[in-house]
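Enquirer: My file is structure-v6.pdb. It has PDB, C-alpha atoms and all ligand atoms:
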ATOM      1  CA  MET A   1      -0.791 -27.913   6.567
ATOM      2  CA  TYR A   2       0.989 -26.793   3.442
ATOM      3  CA  SER A   3       3.401 -28.445   1.070
ATOM      4  CA  ARG A   4       6.130 -26.175  -0.239
ATOM      5  CA  THR A   5       8.142 -26.859  -3.344
ATOM      6  CA  GLN A   6      10.919 -24.905  -4.963
ATOM      7  CA  ASN A   7      11.145 -24.021  -8.643
ATOM      8  CA  GLU A   8      14.256 -24.213 -10.750
ATOM      9  CA  ASN A   9      14.716 -20.453 -10.514
ATOM     10  CA  GLY A  10      14.644 -20.601  -6.712
ATOM     11  CA  SER A  11      11.115 -19.309  -6.215
ATOM     12  CA  PHE A  12       8.566 -21.209  -4.153
ATOM     13  CA  ASN A  13       5.144 -22.757  -4.600
ATOM     14  CA  SER A  14       2.801 -23.736  -1.812
ATOM     15  CA  ARG A  15      -0.064 -26.175  -1.891
ATOM     16  CA  CYS A  16      -2.731 -26.699   0.733
ATOM     17  CA  LEU A  17      -2.803 -30.311   1.911
ATOM     18  CA  ASP A  18      -6.449 -30.067   2.931
ATOM     19  CA  CYS A  19      -8.008 -28.949  -0.355
ATOM     20  CA  PHE A  20      -4.974 -29.634  -2.632
ATOM     21  CA  LEU A  21      -5.184 -26.192  -4.189
ATOM     22  CA  THR A  22      -2.007 -24.410  -5.184
ATOM     23  CA  ILE A  23      -2.321 -21.255  -3.128
ATOM     24  CA  ALA A  24       0.938 -19.602  -4.147
ATOM     25  CA  SER A  25       3.322 -20.004  -7.048
ATOM     26  CA  TYR A  26       6.570 -18.354  -8.043
ATOM     27  CA  ILE A  27       6.870 -16.600  -4.688
ATOM     28  CA  GLU A  28      10.265 -15.058  -4.046
ATOM     29  CA  THR A  29      10.466 -15.098  -0.253
ATOM     30  CA  GLU A  30       9.407 -17.438   2.533
ATOM     31  CA  ARG A  31       7.932 -14.431   4.299
ATOM     32  CA  GLU A  32       5.493 -13.901   1.456
ATOM     33  CA  LEU A  33       4.727 -17.625   1.456
ATOM     34  CA  ASP A  34       3.800 -17.355   5.132
ATOM     35  CA  GLU A  35       1.438 -14.522   4.279
ATOM     36  CA  ARG A  36      -0.205 -16.379   1.408
ATOM     37  CA  GLU A  37      -0.706 -19.430   3.599
ATOM     38  CA  ALA A  38      -2.114 -17.328   6.417
ATOM     39  CA  HIS A  39      -4.661 -15.776   4.049
ATOM     40  CA  HIS A  40      -5.797 -19.001   2.415
ATOM     41  CA  LEU A  41      -9.479 -19.559   3.076
ATOM     42  CA  CYS A  42      -9.583 -23.296   2.803
ATOM     43  CA  PRO A  43     -12.874 -24.575   1.328
ATOM     44  CA  GLU A  44     -12.324 -27.884   3.100
ATOM     45  CA  LYS A  45     -12.088 -26.181   6.470
ATOM     46  CA  VAL A  46     -15.015 -23.866   5.749
ATOM     47  CA  LEU A  47     -17.090 -26.911   4.826
ATOM     48  CA  ALA A  48     -16.039 -28.756   7.972
ATOM     49  CA  GLN A  49     -16.973 -25.727  10.049
ATOM     50  CA  LEU A  50     -20.358 -25.463   8.359
ATOM     51  CA  LEU A  51     -21.065 -29.128   8.998
ATOM     52  CA  ALA A  52     -20.036 -28.743  12.637
ATOM     53  CA  GLN A  53     -22.336 -25.743  12.996
ATOM     54  CA  GLU A  54     -25.224 -27.622  11.427
ATOM     55  CA  LYS A  55     -24.619 -30.553  13.727
ATOM     56  CA  ALA A  56     -24.576 -28.270  16.734
ATOM     57  CA  ALA A  57     -27.774 -26.571  15.573
ATOM     58  CA  ALA A  58     -29.480 -29.925  15.021
ATOM     59  CA  ALA A  59     -28.391 -31.125  18.442
ATOM     60  CA  GLN A  60     -29.770 -27.980  19.980
ATOM     61  CA  ALA A  61     -33.051 -28.308  18.088
ATOM     62  CA  ALA A  62     -33.395 -31.906  19.275
ATOM     63  CA  ARG A  63     -32.950 -30.774  22.854
ATOM     64  CA  ASN A  64     -35.742 -28.186  22.682
TER      65      ASN A  64
HETATM   66 ZN    ZN A 101      -7.069 -25.393   1.524
END
Take the structure from the file and write it as structure tokens.
Expert:
Amino acid sequence: MYSRTQNENGSFNSRCLDCFLTIASYIETERELDEREAHHLCPEKVLAQLLAQEKAAAAQAARN
């Protein structure tokens, strides 16, 4: 989920709606925006994944 805005000179910015970081600014083309968004390693998502892994590990430990 990304929020795109356009600058006065026609270039674009993109902000991640999960971590609210600006991941791209003054980008000329939407194609490049797509690439920047695709390469964003979202700390919020990484954290959520870590928590999920820990939960799964704890559940497994409780079973053994
Ligand atoms: Zn993010």
Enquirer: Any residue with an atom at most 8 Å from ligand ZN 101 (chain A) counts, using all atoms listed in the file. Which are they? Put them as JSON, numbers by chain.
Expert: {"A": [15, 16, 17, 18, 19, 20, 21, 23, 40, 41, 42, 43, 44, 45]}
Enquirer: For CA of Ala24 in chain A and CA of Ser3 in chain A, quote the distance in Å rounded to one decimal.
Expert: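 One can read the CA of Ala24 in chain A to CA of Ser3 in chain A distance as 10.6 Å.
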Enquirer: Suppose a student applies the PyMOL selection byres (((chain A and resi 30) around 12) and not hetatm) to this structure; what residues should they get, written as a PyMOL selection string?
Expert: chain A and resi 4-6+10-14+24-29+31-37
Enquirer: Tell me, in Å to one decimal, how far CA of Thr22 in chain A is from CA of His39 in chain A.
Expert: 12.9 Å
Enquirer: State, in Å with one decimal place, the distance from CA of Ala57 in chain A to CA of Ala38 in chain A.
Expert: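 Spanning CA of Ala57 in chain A to CA of Ala38 in chain A is a straight-line distance of 28.8 Å.
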Enquirer: Taking every listed atom of range 41-50 of chain A and adding 3 Å to each side, what centre and edge lengths in Å (one decimal) does the axis-aligned box have, as JSON?
Expert:
{"center_x": -14.9, "center_y": -24.2, "center_z": 5.7, "size_x": 16.9, "size_y": 15.2, "size_z": 14.7}
